[in-house]
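A.B. asks: One file: start_36.txt (compact mmCIF, C-alpha atoms).
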# COMPACT_ATOMS: atom_id res chain seq x y z
CA MET A 446 19.95 -0.04 14.14
CA HIS A 447 19.31 0.07 10.40
CA PHE A 448 16.43 -1.82 8.93
CA ARG A 449 15.81 -2.32 5.24
CA ILE A 450 12.48 -2.90 3.60
CA HIS A 451 12.06 -4.34 0.13
CA PRO A 452 8.65 -3.22 -1.11
CA THR A 453 8.79 -5.38 -4.23
CA SER A 454 9.47 -8.54 -2.24
CA ILE A 455 6.62 -10.98 -1.98
CA GLN A 456 7.04 -11.12 1.77
CA PRO A 457 4.69 -8.88 3.77
CA LEU A 458 6.63 -5.82 4.94
CA TYR A 459 5.89 -6.38 8.62
CA LEU A 460 7.39 -9.87 8.37
CA GLN A 461 10.54 -8.44 6.81
CA LEU A 462 10.81 -6.17 9.81
CA THR A 463 10.17 -8.89 12.43
CA GLN A 464 12.82 -11.07 10.81
CA GLN A 465 15.39 -8.31 10.84
CA VAL A 466 14.72 -7.55 14.51
CA ARG A 467 14.99 -11.24 15.41
CA HIS A 468 18.15 -11.60 13.36
CA ALA A 469 19.72 -8.54 15.00
CA ILE A 470 18.95 -10.03 18.41
CA GLU A 471 20.34 -13.43 17.46
CA THR A 472 23.60 -11.92 16.24
CA GLY A 473 23.84 -9.59 19.24
CA VAL A 474 23.48 -6.33 17.29
CA LEU A 475 20.39 -5.72 19.40
CA GLN A 476 20.64 -6.72 23.04
CA PRO A 477 18.20 -7.03 25.96
CA GLY A 478 17.20 -3.64 27.24
CA ASP A 479 17.91 -1.87 23.94
CA LEU A 480 15.27 0.63 22.90
CA LEU A 481 13.83 0.34 19.40
CA PRO A 482 12.80 3.38 17.37
CA GLY A 483 9.29 4.72 17.94
CA ILE A 484 6.54 3.70 15.55
CA ARG A 485 6.28 7.04 13.81
CA THR A 486 10.06 7.53 13.64
CA LEU A 487 10.64 4.13 12.08
CA ALA A 488 7.67 4.45 9.71
CA GLU A 489 8.95 7.79 8.42
CA GLN A 490 12.50 6.52 8.20
CA LEU A 491 11.52 3.44 6.19
CA VAL A 492 8.69 5.28 4.42
CA VAL A 493 6.17 2.55 5.19
CA SER A 494 2.72 2.70 6.72
CA PRO A 495 2.81 3.09 10.52
CA ASN A 496 0.62 -0.02 10.63
CA THR A 497 3.52 -2.04 9.27
CA VAL A 498 5.64 -1.10 12.28
CA VAL A 499 2.73 -1.57 14.70
CA LYS A 500 2.08 -5.04 13.32
CA ALA A 501 5.75 -6.04 13.50
CA TYR A 502 6.22 -4.77 17.05
CA SER A 503 3.02 -6.33 18.35
CA GLU A 504 3.88 -9.68 16.81
CA LEU A 505 7.33 -9.55 18.41
CA GLU A 506 5.76 -8.56 21.70
CA HIS A 507 3.39 -11.49 21.44
CA GLU A 508 6.37 -13.80 20.95
CA GLY A 509 8.10 -12.31 23.98
CA VAL A 510 10.92 -10.86 21.89
CA LEU A 511 10.00 -7.27 22.62
CA GLU A 512 8.55 -5.61 25.67
CA MET A 513 6.28 -2.61 25.18
CA ARG A 514 6.49 -0.14 28.02
CA GLN A 515 3.69 2.39 28.22
CA GLY A 516 4.87 5.77 27.08
CA SER A 517 8.49 4.84 26.61
CA GLY A 518 8.49 2.48 23.64
CA ALA A 519 9.62 -0.98 22.61
CA PHE A 520 12.54 -2.69 24.32
CA VAL A 521 14.35 -5.90 23.56
CA ALA A 522 13.19 -8.39 26.18
CA GLY A 523 14.82 -11.25 28.00
CA ARG A 524 18.32 -12.40 28.66
CA LYS A 525 21.31 -12.04 26.44
CA ALA A 526 21.47 -14.55 23.63
CA THR A 527 23.91 -17.29 24.52
CA LYS A 528 27.13 -17.37 22.62
CA THR A 529 26.41 -20.77 21.09
CA GLN A 530 23.10 -19.48 19.79
CA SER A 531 24.61 -16.52 17.97
CA ASP A 532 27.47 -18.72 16.74
CA ARG A 533 25.01 -21.16 15.25
CA VAL A 534 23.20 -18.38 13.44
CA ARG A 535 26.44 -16.96 12.15
CA GLN A 536 27.56 -20.36 10.89
CA ALA A 537 24.23 -20.91 9.17
CA GLN A 538 24.55 -17.49 7.60
CA GLU A 539 27.98 -18.43 6.24
CA ARG A 540 26.56 -21.57 4.68
CA VAL A 541 23.67 -19.73 3.07
CA ARG A 542 26.04 -17.07 1.76
CA ALA A 543 28.31 -19.72 0.23
CA LEU A 544 25.35 -21.43 -1.43
CA VAL A 545 24.00 -18.17 -2.84
CA GLU A 546 27.44 -17.24 -4.19
CA ARG A 547 27.76 -20.63 -5.87
CA LEU A 548 24.34 -20.31 -7.49
CA GLN A 549 25.25 -16.81 -8.69
CA THR A 550 28.47 -18.18 -10.16
CA ASP A 551 26.37 -20.80 -11.93
CA GLY A 552 24.47 -17.95 -13.56
CA PHE A 553 21.27 -17.85 -11.52
CA SER A 554 19.77 -14.40 -11.01
CA ASP A 555 18.89 -13.11 -7.55
CA ASP A 556 15.20 -13.46 -8.42
CA GLU A 557 15.65 -17.05 -9.48
CA ILE A 558 17.52 -17.90 -6.30
CA GLN A 559 14.84 -16.25 -4.20
CA ARG A 560 12.14 -18.22 -5.99
CA LEU A 561 14.04 -21.47 -5.54
CA VAL A 562 14.43 -20.87 -1.82
CA GLU A 563 10.82 -19.88 -1.50
CA ALA A 564 9.64 -22.92 -3.39
CA GLU A 565 11.53 -25.14 -0.94
CA LEU A 566 10.17 -23.34 2.10
CA PHE A 567 6.59 -22.72 1.13
CA TYR A 568 5.66 -25.42 -1.32
CA ARG A 569 6.84 -28.89 -1.80
CA ALA A 570 7.37 -29.63 -5.46
CA PRO A 571 3.94 -30.27 -6.99
CA ALA A 572 4.93 -33.87 -7.80
CA GLN A 573 5.37 -34.61 -4.09
CA LYS A 574 2.09 -33.02 -3.27
CA ARG A 575 0.07 -35.37 -5.40
CA MET B 910 -19.69 -0.94 11.95
CA ALA B 911 -20.57 2.02 9.73
CA ASP B 912 -18.02 4.20 11.52
CA ALA B 913 -15.11 2.06 10.41
CA TRP B 914 -15.50 3.29 6.82
CA VAL B 915 -14.41 6.78 5.92
CA ILE B 916 -15.59 6.22 2.36
CA GLU B 917 -18.42 3.92 1.37
CA THR B 918 -20.20 3.88 -1.99
CA GLN B 919 -23.05 1.81 -3.38
CA SER B 920 -23.35 1.26 -7.13
CA LEU B 921 -21.83 4.69 -7.69
CA SER B 922 -21.87 5.47 -11.41
CA LYS B 923 -20.96 8.37 -13.66
CA ARG B 924 -21.72 8.60 -17.33
CA TYR B 925 -20.42 11.27 -19.69
CA GLY B 926 -22.45 10.94 -22.87
CA ALA B 927 -21.65 7.49 -24.19
CA LEU B 928 -18.74 6.98 -21.78
CA ASP B 929 -19.22 5.08 -18.54
CA ALA B 930 -16.50 6.74 -16.48
CA VAL B 931 -17.43 4.96 -13.24
CA ARG B 932 -19.56 1.83 -13.22
CA GLN B 933 -21.48 0.40 -10.30
CA LEU B 934 -18.70 1.14 -7.86
CA ASP B 935 -18.88 -0.38 -4.38
CA LEU B 936 -15.88 1.19 -2.75
CA ARG B 937 -15.07 0.96 0.93
CA VAL B 938 -12.12 2.70 2.51
CA SER B 939 -11.29 1.97 6.12
CA THR B 940 -10.22 4.33 8.85
CA GLY B 941 -6.73 3.95 10.38
CA ARG B 942 -5.07 2.98 7.14
CA ILE B 943 -3.29 4.23 4.07
CA THR B 944 -5.26 3.15 1.02
CA GLY B 945 -3.84 3.37 -2.49
CA PHE B 946 -6.32 4.00 -5.29
CA LEU B 947 -4.64 2.48 -8.30
CA GLY B 948 -5.57 2.58 -11.94
CA ARG B 949 -4.43 3.64 -15.39
CA ASN B 950 -4.96 7.15 -16.66
CA GLY B 951 -8.64 7.57 -17.41
CA ALA B 952 -9.72 4.60 -15.27
CA GLY B 953 -12.16 6.79 -13.33
CA LYS B 954 -10.11 7.64 -10.25
CA SER B 955 -10.49 11.42 -10.42
CA THR B 956 -14.17 11.17 -11.33
CA THR B 957 -14.74 8.98 -8.28
CA ILE B 958 -12.91 11.40 -6.00
CA LYS B 959 -14.86 14.37 -7.38
CA MET B 960 -18.15 12.59 -6.72
CA LEU B 961 -17.05 11.77 -3.17
CA LEU B 962 -16.31 15.43 -2.52
CA GLY B 963 -19.58 16.69 -4.00
CA MET B 964 -17.80 18.35 -6.92
CA SER B 965 -19.56 16.16 -9.45
CA HIS B 966 -22.99 14.51 -9.29
CA PRO B 967 -23.32 10.76 -9.68
CA THR B 968 -25.46 9.60 -12.60
CA SER B 969 -26.73 6.89 -10.28
CA GLY B 970 -25.82 5.24 -7.02
CA THR B 971 -24.81 6.88 -3.79
CA GLY B 972 -22.09 7.11 -1.22
CA ARG B 973 -21.02 8.27 2.20
CA LEU B 974 -18.04 10.35 3.21
CA LEU B 975 -17.27 10.14 6.93
CA GLY B 976 -20.77 8.70 7.32
CA ARG B 977 -22.50 11.60 5.52
CA GLN B 978 -24.42 11.44 2.25
CA ILE B 979 -22.35 12.79 -0.63
CA ASP B 980 -25.41 13.80 -2.67
CA ASP B 981 -26.83 16.00 0.09
CA ALA B 982 -25.19 19.43 -0.14
CA ARG B 983 -25.44 20.22 3.56
CA GLU B 984 -24.19 16.83 4.75
CA CYS B 985 -21.41 16.93 2.22
CA ARG B 986 -20.24 20.33 3.46
CA ALA B 987 -20.23 19.04 7.03
CA ALA B 988 -18.10 16.08 6.03
CA ARG B 989 -15.78 18.26 3.99
CA HIS B 990 -14.80 20.19 7.09
CA HIS B 991 -12.95 17.09 8.30
CA VAL B 992 -11.60 16.07 4.91
CA ALA B 993 -8.54 17.61 3.33
CA TYR B 994 -8.21 17.29 -0.42
CA VAL B 995 -5.09 17.76 -2.49
CA ALA B 996 -6.22 18.09 -6.10
CA GLU B 997 -4.29 16.89 -9.09
CA ASP B 998 -3.71 20.37 -10.48
CA LYS B 999 -3.13 21.84 -6.99
CA GLN B 1000 -4.93 25.01 -8.03
CA THR B 1001 -4.58 27.58 -5.33
CA TYR B 1002 -4.90 31.34 -5.53
CA ALA B 1003 -2.03 32.12 -7.84
CA TYR B 1004 -1.87 35.83 -7.07
CA MET B 1005 -1.29 35.29 -3.33
CA THR B 1006 2.09 34.73 -1.76
CA VAL B 1007 2.77 31.48 0.07
CA GLY B 1008 2.42 33.29 3.41
CA GLU B 1009 -0.88 34.91 2.43
CA MET B 1010 -2.22 31.61 1.17
CA ILE B 1011 -1.41 29.93 4.50
CA ALA B 1012 -2.95 32.78 6.55
CA PHE B 1013 -6.04 32.76 4.30
CA THR B 1014 -6.61 29.03 4.72
CA ARG B 1015 -5.86 29.15 8.44
CA SER B 1016 -8.71 31.62 8.95
CA PHE B 1017 -11.27 28.97 7.94
CA TYR B 1018 -10.26 26.40 10.52
CA GLY B 1019 -10.62 26.83 14.26
CA ASP B 1020 -8.54 23.76 15.00
CA TRP B 1021 -5.64 24.78 12.75
CA ARG B 1022 -2.37 23.30 13.99
CA ILE B 1023 0.07 26.18 14.12
CA ASP B 1024 2.84 23.80 15.24
CA VAL B 1025 2.32 21.59 12.19
CA GLU B 1026 2.31 24.68 9.98
CA ALA B 1027 5.63 25.85 11.44
CA ARG B 1028 7.22 22.41 11.26
CA LEU B 1029 6.23 21.79 7.63
CA LEU B 1030 7.14 25.32 6.54
CA LYS B 1031 10.64 24.61 7.79
CA GLN B 1032 10.81 21.02 6.56
CA TYR B 1033 9.55 21.87 3.06
CA ASP B 1034 11.67 25.00 2.90
CA LEU B 1035 8.82 27.00 1.34
CA PRO B 1036 9.53 30.60 0.25
CA VAL B 1037 6.91 32.53 2.25
CA ARG B 1038 7.12 35.73 0.19
CA ARG B 1039 7.00 34.15 -3.24
CA LYS B 1040 3.78 34.28 -5.28
CA VAL B 1041 2.05 30.93 -5.60
CA LYS B 1042 2.08 31.16 -9.41
CA ALA B 1043 5.88 31.37 -9.35
CA LEU B 1044 6.26 28.09 -7.46
CA SER B 1045 7.59 24.94 -9.08
CA LYS B 1046 5.26 21.94 -9.25
CA GLY B 1047 7.07 20.29 -6.35
CA MET B 1048 6.73 23.43 -4.23
CA ARG B 1049 3.04 23.74 -5.10
CA THR B 1050 2.48 20.17 -3.97
CA LYS B 1051 4.26 20.87 -0.71
CA LEU B 1052 2.17 23.98 -0.12
CA ALA B 1053 -1.02 22.02 -0.81
CA LEU B 1054 0.18 19.32 1.60
CA LEU B 1055 0.96 21.87 4.30
CA LEU B 1056 -2.52 23.40 3.94
CA ALA B 1057 -4.05 19.93 4.16
CA LEU B 1058 -1.99 18.56 7.04
CA ALA B 1059 -2.17 21.62 9.31
CA ARG B 1060 -5.90 20.98 9.53
CA ARG B 1061 -5.18 17.52 10.89
CA PRO B 1062 -8.05 16.04 8.88
CA GLN B 1063 -9.84 12.81 9.72
CA LEU B 1064 -9.42 11.90 6.09
CA LEU B 1065 -6.80 13.05 3.63
CA ILE B 1066 -7.67 12.54 -0.04
CA LEU B 1067 -5.02 13.13 -2.69
CA ASP B 1068 -5.47 12.87 -6.43
CA GLU B 1069 -2.26 11.77 -8.16
CA PRO B 1070 -0.12 13.71 -5.68
CA SER B 1071 3.21 12.54 -7.10
CA GLU B 1072 2.41 13.44 -10.71
CA GLY B 1073 5.23 15.50 -12.19
CA LEU B 1074 7.44 15.45 -9.08
CA ASP B 1075 11.12 14.57 -9.03
CA PRO B 1076 12.28 11.56 -6.95
CA VAL B 1077 13.37 13.63 -3.95
CA SER B 1078 10.02 15.43 -3.80
CA ILE B 1079 8.19 12.11 -4.14
CA GLU B 1080 10.15 10.75 -1.19
CA GLU B 1081 9.21 13.79 0.90
CA LEU B 1082 5.59 13.46 -0.19
CA LEU B 1083 5.42 9.80 0.82
CA GLN B 1084 7.05 10.61 4.13
CA SER B 1085 4.40 13.27 4.76
CA LEU B 1086 1.63 10.78 4.03
CA VAL B 1087 3.18 8.33 6.49
CA ALA B 1088 3.40 11.11 9.08
CA ALA B 1089 -0.26 12.05 8.50
CA ALA B 1090 -1.26 8.42 9.03
CA ALA B 1091 0.83 8.30 12.21
CA GLU B 1092 -1.09 11.35 13.44
CA GLY B 1093 -4.34 9.44 12.96
CA SER B 1094 -5.57 10.60 9.55
CA ALA B 1095 -6.98 8.03 7.16
CA VAL B 1096 -5.13 8.51 3.88
CA PHE B 1097 -6.65 7.81 0.46
CA PHE B 1098 -4.45 8.61 -2.52
CA SER B 1099 -4.82 7.87 -6.18
CA SER B 1100 -1.84 6.91 -8.27
CA HIS B 1101 -0.76 4.98 -11.30
CA GLN B 1102 2.67 4.49 -9.76
CA ILE B 1103 2.77 0.96 -8.44
CA SER B 1104 6.00 1.47 -6.52
CA GLU B 1105 4.46 4.19 -4.33
CA VAL B 1106 1.42 2.15 -3.47
CA GLU B 1107 3.61 -0.87 -2.79
CA ARG B 1108 5.68 1.06 -0.29
CA ILE B 1109 3.28 2.96 1.90
CA ALA B 1110 -0.20 1.54 1.38
CA ASP B 1111 -1.84 -0.92 3.76
CA HIS B 1112 -4.61 -1.57 1.30
CA VAL B 1113 -5.15 -1.16 -2.41
CA CYS B 1114 -8.30 -0.56 -4.42
CA MET B 1115 -7.87 -0.77 -8.15
CA LEU B 1116 -10.08 0.67 -10.86
CA ASP B 1117 -10.09 -0.40 -14.47
CA ARG B 1118 -12.44 1.24 -16.93
CA GLY B 1119 -14.60 2.50 -14.11
CA ARG B 1120 -14.89 -0.86 -12.39
CA LEU B 1121 -13.37 -2.01 -9.11
CA VAL B 1122 -11.15 -4.93 -10.09
CA LEU B 1123 -9.09 -5.35 -6.93
CA ASP B 1124 -9.76 -4.65 -3.26
CA ALA B 1125 -7.13 -6.26 -1.05
CA SER B 1126 -4.55 -5.64 1.62
CA LEU B 1127 -0.94 -5.52 0.48
CA ASP B 1128 -0.12 -8.21 3.03
CA ALA B 1129 -2.73 -10.50 1.48
CA ILE B 1130 -1.38 -9.87 -2.02
CA ARG B 1131 2.15 -10.71 -0.92
CA ARG B 1132 1.10 -13.71 1.15
CA ASP B 1133 -1.77 -15.27 -0.80
CA PHE B 1134 -1.66 -14.19 -4.45
CA ARG B 1135 0.06 -16.66 -6.77
CA ARG B 1136 0.47 -17.28 -10.45
CA LEU B 1137 -0.34 -20.88 -11.36
CA GLU B 1138 0.91 -22.29 -14.64
CA VAL B 1139 -1.11 -25.42 -15.26
CA GLY B 1140 0.01 -27.79 -18.02
CA PHE B 1141 -2.09 -30.45 -19.69
CA ALA B 1142 -1.04 -33.20 -22.10
CA HIS B 1143 -4.14 -32.54 -24.18
CA GLU B 1144 -6.61 -29.74 -24.89
CA PRO B 1145 -7.25 -28.14 -21.46
CA PRO B 1146 -10.64 -29.21 -20.08
CA ARG B 1147 -13.17 -26.65 -18.94
CA VAL B 1148 -12.68 -26.13 -15.21
CA ASP B 1149 -15.00 -24.01 -13.10
CA TRP B 1150 -12.47 -22.22 -10.94
CA PRO B 1151 -14.11 -20.61 -7.90
CA ALA B 1152 -14.76 -17.03 -9.06
CA THR B 1153 -13.89 -15.44 -5.72
CA ASP B 1154 -10.46 -17.10 -5.66
CA VAL B 1155 -9.44 -16.27 -9.20
CA GLY B 1156 -8.27 -13.00 -10.72
CA SER B 1157 -7.93 -14.18 -14.28
CA VAL B 1158 -7.61 -17.34 -16.36
CA ARG B 1159 -5.87 -17.44 -19.73
CA SER B 1160 -5.26 -20.40 -21.98
CA THR B 1161 -2.45 -20.74 -24.47
CA GLY B 1162 -2.33 -24.09 -26.22
CA ARG B 1163 -2.12 -26.79 -23.55
CA GLN B 1164 -1.21 -24.39 -20.81
CA VAL B 1165 -3.53 -22.43 -18.55
CA SER B 1166 -2.25 -19.46 -16.59
CA ILE B 1167 -4.23 -18.52 -13.50
CA LEU B 1168 -3.94 -15.59 -11.15
CA ALA B 1169 -5.04 -17.03 -7.81
CA LYS B 1170 -6.10 -14.68 -5.07
CA ARG B 1171 -6.45 -17.23 -2.29
CA ASN B 1172 -6.79 -20.95 -1.51
CA VAL B 1173 -3.90 -21.80 -3.80
CA ASP B 1174 -3.45 -25.31 -2.43
CA ALA B 1175 -7.07 -26.22 -3.15
CA MET B 1176 -6.70 -24.88 -6.67
CA ILE B 1177 -3.56 -26.91 -7.29
CA GLU B 1178 -5.44 -30.02 -6.22
CA ARG B 1179 -8.32 -29.11 -8.46
CA ALA B 1180 -5.93 -28.69 -11.38
CA TYR B 1181 -4.50 -32.18 -10.87
CA GLY B 1182 -8.03 -33.49 -10.41
CA ALA B 1183 -8.85 -32.10 -13.85
CA GLY B 1184 -5.97 -34.05 -15.36
CA ALA B 1185 -3.14 -31.54 -15.26
CA VAL B 1186 0.33 -33.00 -15.77
CA SER B 1187 2.18 -30.09 -14.19
CA VAL B 1188 1.39 -27.17 -11.94
CA GLU B 1189 3.88 -24.44 -11.19
CA SER B 1190 3.18 -21.87 -8.55
CA SER B 1191 5.07 -18.61 -8.27
CA ALA B 1192 4.69 -15.37 -6.37
CA VAL B 1193 3.25 -12.31 -8.06
CA SER B 1194 4.10 -8.68 -7.52
CA LEU B 1195 1.58 -5.87 -7.37
CA ARG B 1196 2.90 -4.82 -10.78
CA GLU B 1197 1.89 -8.17 -12.25
CA VAL B 1198 -1.52 -8.02 -10.62
CA PHE B 1199 -1.99 -4.50 -12.00
CA LEU B 1200 -1.02 -5.46 -15.54
CA ASP B 1201 -3.11 -8.61 -15.34
CA GLN B 1202 -6.24 -6.81 -14.19
CA ALA B 1203 -5.77 -3.80 -16.46
CA THR B 1204 -5.52 -5.92 -19.58
CA GLU B 1205 -8.02 -8.56 -18.59
CA HIS B 1206 -10.99 -7.27 -20.59
CA THR B 1207 -9.21 -6.11 -23.73
Do you think you could lay out the structure here as structure tokens?
C.D. replies:
Amino acid sequence: MHFRIHPTSIQPLYLQLTQQVRHAIETGVLQPGDLLPGIRTLAEQLVVSPNTVVKAYSELEHEGVLEMRQGSGAFVAGRKATKTQSDRVRQAQERVRALVERLQTDGFSDDEIQRLVEAELFYRAPAQKR
Amino acid sequence: MADAWVIETQSLSKRYGALDAVRQLDLRVSTGRITGFLGRNGAGKSTTIKMLLGMSHPTSGTGRLLGRQIDDARECRAARHHVAYVAEDKQTYAYMTVGEMIAFTRSFYGDWRIDVEARLLKQYDLPVRRKVKALSKGMRTKLALLLALARRPQLLILDEPSEGLDPVSIEELLQSLVAAAAEGSAVFFSSHQISEVERIADHVCMLDRGRLVLDASLDAIRRDFRRLEVGFAHEPPRVDWPATDVGSVRSTGRQVSILAKRNVDAMIERAYGAGAVSVESSAVSLREVFLDQATEHT
């Protein structure tokens, strides 16, 4: 399983990691019972603070996504994702990809697109807020 | 919880003639973390580190290293036994070979980790028979790291460790710092390279002209820090922004640009309350925060 961390992103690194684990489970790349890399291994591989991995794993454990077994590491918990669930995610991914491509064609930079998406997710437009 | 801080200073100051190198510094560095010590060249980072290690005497103020007074020679020595320091110039005994240097250092430490020594010697590919003075800068850094890490220190302090290294060596250096943290060492490293701090640090302390201008977790910077561009249709009114929430405020014509550290929503409301016609909020990178804070008082 390959994870990627973007240090310059405005999203906390541990959240980037939790999202990638969740996404891998939703698409079926990670499946129940799979063992995740150890904290030190993953920290060294991604060159991030071990606390980043600890925080990501413990949040996922709290949500019931991962199961920590004493001495043997972090496992993907629960039952296999249903087919419809992973199909839905894949379809959504297609739609997002199409939208991003269209915006890129229209000349928006990756940064601009990211900001636009973030603005929609995190803040309503200021005018609505008033 | 005094034990939670590996470094703690109160009003620590250093004056060289007319120059205030470090001013009234209240620095706290936590255990169990990687802390980046960021600042421009000449901001006072090295001076601070030297005072912490008892290599330079504060003009005023005081501090504790692993709970021991830095201005008491005996206490400072006791603390130093559990602190490994990688200096900027990485001065070691140039006439010794790498092997001799390792054996020499090993003899001072009863709890020397021979397994760590062997692992790093292999990983760093250090030439054991070569004289230290004939090593490249990258090799010297690796040797200094090996000597520091084999002691398995409670606290690892590094002064500009990546200075003058090529990208591959920097990557190996950062990996070693991560490994040291995973082994339980608190790591405190100074740098003016934002990208390094952004990658491996849990927390960042930033100095500018001897003053602490930022003390925050990287998660908090990513999550809470925002740039607010506030527009008015007339001369901007005077607004008392809460000092603890604001990094800087700059006015240009009818626009006010604010670096908000927290409570962004409340500040947006306050801006509209003061008659703003538009407020735009965008994320800020550590680079922006650095440039903002480092140019704030010019």
A.B. asks: Name all residues at most 6 Å from segment 1059-1066 of chain B (count only C-alpha atoms; drop same-chain ones fewer than 2 positions away) and give them as number ranges by chain.
C.D. replies: B: 991-994, 1021-1022, 1025-1026, 1055-1057, 1094-1098
A.B. asks: Measuring between all atoms listed in the file, which one of A:Leu491, A:Met513, A:Val534, A:Ala501 shows the shortest distance to chain B?
C.D. replies: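 Using all atoms listed in the file, chain B sits closest to A:Leu491.
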A.B. asks: Restrict the distance test to only C-alpha atoms, flag each residue of chain A within 6 Å of chain B, and return the flagged residues as a PyMOL selection string.
C.D. replies: chain A and resi 452+455-457+485+489+492-495
A.B. asks: Which residue is closest to Ser955 of chain B? Choose from B:Thr1050, B:Ser1099, B:Ser969, B:Thr1006 and count all atoms listed in the file.
C.D. replies: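 Going through B:Thr1050, B:Ser1099, B:Ser969, B:Thr1006 one by one, the smallest distance to Ser955 of chain B is for B:Ser1099.
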A.B. asks: Env of Leu475 of chain A: 12 Å cut, atoms = only C-alpha atoms, seq-sep filter 5 positions within chain, self excluded. Answer as a PyMOL selection string.
C.D. replies: chain A and resi 446-448+465-470+480-481+510-511+520-526+531
A.B. asks: Which protein, DNA or RNA residues are at most 9 Å from (12.7, 20.3, -7.1) in the file's coordinates when you count all atoms listed in the file, listed as JSON, numbers by chain?
C.D. replies: {"B": [1045, 1046, 1047, 1048, 1074, 1075, 1076, 1077, 1078]}
A.B. asks: Near Asp1154 of chain B, counting all atoms listed in the file, which residues have an atom at most 12 Å away, once you skip same-chain residues fewer than 3 positions from it, shown as a ChimeraX atom specification?
C.D. replies: /B:1123,1133-1136,1149-1151,1157-1158,1167-1176
A.B. asks: Produce the centre coordinates and the three edge lengths, each in Å to one decimal, of the box along x, y and z that contains all listed atoms of segment 1021-1037 of chain B with 5 Å added on each side, as lines of an AutoDock Vina configuration file.
C.D. replies:
center_x = 3.0
center_y = 26.8
center_z = 7.7
size_x = 27.3
size_y = 21.5
size_z = 25.0
A.B. asks: Got a sec: who's within 10 Å of Arg533 of chain A, counting only C-alpha atoms, leaving out chain neighbours fewer than 5 positions off, as a ChimeraX atom specification?
C.D. replies: /A:471-472,528,538-539
A.B. asks: Grab the atom CA of Arg1179 of chain B to atom CA of Val1148 of chain B distance for me, in Å with one decimal place.
C.D. replies: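 So the answer is 8.6 Å.
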A.B. asks: Return the single residue from A:Gln530, A:Leu566, A:Pro477, A:Gln461 that is closest to Thr497 of chain A, with distances computed using all atoms listed in the file.
C.D. replies: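 Of A:Gln530, A:Leu566, A:Pro477, A:Gln461, the one nearest Thr497 of chain A, counting all atoms listed in the file, is A:Gln461.
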A.B. asks: Just how far from atom CA of Ala996 of chain B is atom CA of Asp1068 of chain B, in Å to one decimal?
C.D. replies: 5.3 Å
